[in-house]
Amino acid sequence: MTSRLTETGLDRGGDAGFGEIRSSNLGVLIGPGPEWTDAAQALRYKVFYEEMGAAPDAATLATKRDVDVFDSVADHLLVVDHDLGEGPESIVGTYRLIRRQAADRIGRFYSASEYDLTDLLNFPGQVLELGRSCVDERYRNKAAMQLLWQGIAAYVTKHQIDIMFGCASLPGTDLDALAVPLTYLHANHLAPKGLRPRAIPERFTEMRRMDPEAFDAKRALAGLPPLIKGYLRLGGFVGDGAVVDDQFNTTDVCIVVKSDLITDKYAKHYERKLASTD
């Protein structure tokens with residue numbers, strides 16, 4: 001299976017686009033227009049509401065779309081399956097990307113409803129919020145996830161992003177059931193001061209819920225959702241405090257990743273691929 005960066009009719013180009021990265025029948029690109037964003041919102045509804053049990057309001061239920069005000073300023077990273085077509089019907093995965101300039105148009109980042117982002121906002125470099133990640137259940141495999149990460153790596157390189165952050169979710173809202181993963185994250189991956197978001201007081205939930213010596217850390221890591229494990233493998237950190245999200249039936253943690261870790265990882269990946277073809 002080969003990957004290549006190509007210029008295609010699906011590439012929006014301009015300020016946000018970076019071309020399409022292809023791997024066999026799959027590709028990853030920035031959504032070219034509103035109809036692609038609409039299809040991504042439909043996929044988000046399918047995963048978040050129909051599959052994961054989020055509670056829709058009347059408008060969400062009527063449209064069967066997961067939509068909020070941030071979608072209008074975000075770039076939507078999309079995984080597409082060309083075997084399904086060459087239009088929005090081909091979307092099988094999505095990730096929402098919001099740069100500082102885009103958040104300024106709304107007045108805040110999405111994560112600010114759960115976390116105090118002061119330290120990140122004071123960071124002098126470029127910051128990027130990642131969110132609303134989901135993949136169709138038929139494509140939850142290594143190939144699709146690698147393409148998402150390669151797309152993010154291309155995006156952060158193009159826009160010279162220094163820090164990435166966003167809310168990542170543990171399934172469910174039963175804090176007793178989540179005591180092990182929350183405690184593990186707090187004990188082993190807490191962000192350094194100066195880059196540590198903290199849950200806002202009215203939504204703060206203590207993450208250290210038990211003695212970290214009471215469970216096997218390797219097993220706790222293995223049991224984390226794949227997205228969170230992916231962040232941690234890149235050297236990511238978590239903020240202080242979890243947030244229970246009753247609407248989405250999740251418990252959220254705030255992830256912080258230095259973007260050079262992901263770009264270095266994929267630069268080395270492509271260097272190995274090129275060396276193998278010499």
# chains A, B, ... in the order shown; residues from 1 in each chain; ligands from 1
>>> residues_around(residues="region 201-204 of chain A", least_positions_apart="2", cutoff="6 Å", atoms="only C-alpha atoms", output="VMD selection string")
chain A and resid 199 241 243
>>> select_by_dssp(residues="region 141-224 of chain A", states="alpha helix (DSSP H)", output="PyMOL selection string")
chain A and resi 142-158+179-189+217-222
>>> write_last_selection(atoms="C-alpha atoms", output="tab-separated table (two decimals), in the first residue's frame")
chain	number	residue	atom	x	y	z
A	142	LYS	CA	-5.14	1.44	11.18
A	143	ALA	CA	-5.33	2.68	7.58
A	144	ALA	CA	-8.01	5.32	8.23
A	145	MET	CA	-6.45	6.53	11.48
A	146	GLN	CA	-3.00	6.82	9.90
A	147	LEU	CA	-4.47	8.94	7.13
A	148	LEU	CA	-6.10	11.26	9.66
A	149	TRP	CA	-2.78	11.72	11.44
A	150	GLN	CA	-0.95	12.26	8.14
A	151	GLY	CA	-3.52	14.90	7.22
A	152	ILE	CA	-3.03	16.66	10.55
A	153	ALA	CA	0.75	16.52	10.08
A	154	ALA	CA	0.43	18.13	6.63
A	155	TYR	CA	-1.92	20.79	8.01
A	156	VAL	CA	0.26	21.76	10.96
A	157	THR	CA	3.30	21.95	8.70
A	158	LYS	CA	1.52	24.21	6.20
A	179	ALA	CA	-11.68	5.71	37.91
A	180	VAL	CA	-8.77	3.71	36.48
A	181	PRO	CA	-8.28	5.59	33.16
A	182	LEU	CA	-8.78	9.00	34.77
A	183	THR	CA	-6.33	8.24	37.58
A	184	TYR	CA	-3.82	6.79	35.12
A	185	LEU	CA	-3.91	9.88	32.92
A	186	HIS	CA	-3.51	12.25	35.87
A	187	ALA	CA	-0.67	10.24	37.41
A	188	ASN	CA	1.33	9.68	34.22
A	189	HIS	CA	0.52	12.32	31.62
A	217	ALA	CA	-0.47	1.02	34.44
A	218	LYS	CA	0.22	-0.91	31.22
A	219	ARG	CA	-3.24	-2.43	31.29
A	220	ALA	CA	-4.77	0.98	32.00
A	221	LEU	CA	-2.96	2.45	28.99
A	222	ALA	CA	-4.07	-0.42	26.76
>>> closest_residue(among="A:Ala62, A:Met207, A:Leu120, A:Leu29", to="Val244 (chain A)", atoms="only C-alpha atoms")
A:Met207
>>> residues_around(residues="Tyr45 (chain A)", least_positions_apart="6", cutoff="6 Å", atoms="only C-alpha atoms", output="list in words")
Lys64, Arg65 and Asp66 of chain A
>>> write_last_selection(atoms="C-alpha atoms", output="PDB file, in the first residue's frame")
ATOM      1  CA  LYS A  64     -29.876  14.469  11.700  1.00  0.00           C
ATOM      2  CA  ARG A  65     -26.802  16.667  11.658  1.00  0.00           C
ATOM      3  CA  ASP A  66     -24.311  17.451  14.433  1.00  0.00           C
TER       4      ASP A  66
END
>>> closest_atom_pairs(of="region 40-83 of chain A", to="region 122-134 of chain A", cutoff="8 Å", atoms="only C-alpha atoms", output="Markdown table")
| residue | atom | partner | partner_atom | distance |
| --- | --- | --- | --- | --- |
| A:Leu43 | CA | A:Cys134 | CA | 7.8 |
| A:Arg44 | CA | A:Cys134 | CA | 6.5 |
| A:Val47 | CA | A:Cys134 | CA | 6.9 |
>>> atom_distance(atom1="CA of Ile106 (chain A)", atom2="CA of Leu121 (chain A)")
14.7 Å
>>> residues_around(residues="Phe48 (chain A)", least_positions_apart="2", cutoff="12 Å", atoms="only C-alpha atoms", output="compact mmCIF listing (two decimals) with N, CA and C atoms, in the first residue's frame")
# COMPACT_ATOMS: atom_id res chain seq x y z
N ALA A 40 -20.03 15.67 6.49
CA ALA A 40 -19.28 15.39 7.71
C ALA A 40 -20.17 15.52 8.94
N GLN A 41 -21.04 16.52 8.95
CA GLN A 41 -21.98 16.69 10.06
C GLN A 41 -22.96 15.52 10.15
N ALA A 42 -23.35 14.96 9.00
CA ALA A 42 -24.22 13.79 9.00
C ALA A 42 -23.50 12.57 9.58
N LEU A 43 -22.22 12.40 9.24
CA LEU A 43 -21.44 11.31 9.81
C LEU A 43 -21.29 11.50 11.31
N ARG A 44 -21.03 12.71 11.76
CA ARG A 44 -20.92 12.98 13.19
C ARG A 44 -22.22 12.64 13.90
N TYR A 45 -23.36 12.97 13.31
CA TYR A 45 -24.65 12.62 13.93
C TYR A 45 -24.77 11.10 14.05
N LYS A 46 -24.43 10.40 13.00
CA LYS A 46 -24.54 8.93 13.00
C LYS A 46 -23.71 8.33 14.13
N GLU A 50 -26.51 8.38 17.09
CA GLU A 50 -27.13 7.08 16.87
C GLU A 50 -26.33 5.94 17.46
N GLU A 51 -25.00 6.08 17.47
CA GLU A 51 -24.16 4.99 17.95
C GLU A 51 -23.75 5.16 19.41
N MET A 52 -23.33 6.37 19.79
CA MET A 52 -22.77 6.58 21.12
C MET A 52 -23.79 7.07 22.14
N GLY A 53 -25.02 7.38 21.70
CA GLY A 53 -26.07 7.70 22.64
C GLY A 53 -26.12 9.14 23.10
N ALA A 54 -25.56 10.08 22.32
CA ALA A 54 -25.72 11.50 22.66
C ALA A 54 -27.19 11.88 22.57
N ALA A 55 -27.58 12.89 23.35
CA ALA A 55 -28.99 13.31 23.43
C ALA A 55 -29.23 14.52 22.52
N PRO A 56 -29.95 14.34 21.39
CA PRO A 56 -30.15 15.46 20.46
C PRO A 56 -31.23 16.41 20.93
N THR A 60 -31.44 19.21 16.12
CA THR A 60 -30.48 18.17 15.74
C THR A 60 -31.21 16.91 15.29
N LYS A 64 -30.83 15.58 11.62
CA LYS A 64 -29.88 14.47 11.70
C LYS A 64 -28.47 14.94 11.31
N ARG A 65 -28.13 16.09 11.85
CA ARG A 65 -26.80 16.67 11.66
C ARG A 65 -26.28 17.13 13.01
N ASP A 66 -24.99 16.89 13.26
CA ASP A 66 -24.31 17.45 14.43
C ASP A 66 -23.68 18.76 14.00
N VAL A 67 -24.27 19.88 14.41
CA VAL A 67 -23.88 21.19 13.94
C VAL A 67 -23.71 22.14 15.12
N ARG A 132 -14.24 17.00 17.40
CA ARG A 132 -15.30 16.35 16.62
C ARG A 132 -14.74 15.25 15.71
N SER A 133 -13.84 14.45 16.27
CA SER A 133 -13.24 13.37 15.50
C SER A 133 -14.15 12.15 15.50
N CYS A 134 -14.40 11.60 14.33
CA CYS A 134 -15.13 10.33 14.26
C CYS A 134 -14.85 9.65 12.94
N VAL A 135 -14.99 8.32 12.95
CA VAL A 135 -14.78 7.48 11.78
C VAL A 135 -15.93 6.49 11.69
N ASP A 136 -16.45 6.29 10.49
CA ASP A 136 -17.49 5.28 10.28
C ASP A 136 -17.01 3.93 10.80
N GLU A 137 -17.91 3.19 11.44
CA GLU A 137 -17.50 1.96 12.11
C GLU A 137 -16.86 0.95 11.16
N SER A 169 -12.56 12.23 24.52
CA SER A 169 -13.62 11.67 25.35
C SER A 169 -13.37 10.22 25.76
N PRO A 171 -15.74 7.06 27.02
CA PRO A 171 -17.16 6.75 26.89
C PRO A 171 -17.86 6.63 28.24
N GLN A 247 -24.74 15.53 27.61
CA GLN A 247 -25.37 15.52 26.29
C GLN A 247 -24.75 14.46 25.39
N PHE A 248 -23.42 14.37 25.41
CA PHE A 248 -22.74 13.43 24.52
C PHE A 248 -22.43 12.09 25.19
N ASN A 249 -22.85 11.92 26.44
CA ASN A 249 -22.65 10.67 27.16
C ASN A 249 -21.17 10.30 27.24
N THR A 250 -20.35 11.31 27.55
CA THR A 250 -18.91 11.11 27.65
C THR A 250 -18.35 11.83 28.87
>>> closest_residue(among="A:His82, A:Leu234, A:Tyr49, A:Arg196", to="Ser23 (chain A)", atoms="only C-alpha atoms")
A:His82
>>> atom_distance(atom1="CA of Ser111 (chain A)", atom2="CA of Leu232 (chain A)")
19.0 Å
>>> residues_around(residues="region 85-92 of chain A", least_positions_apart="4", cutoff="10 Å", atoms="only C-alpha atoms", output="number ranges by chain")
A: 9-10, 26-28, 31-40, 42-43, 78-81, 134-140, 144
>>> closest_residue(among="A:Leu84, A:Cys167, A:Ala58, A:Pro212", to="Arg96 (chain A)", atoms="only C-alpha atoms")
A:Cys167
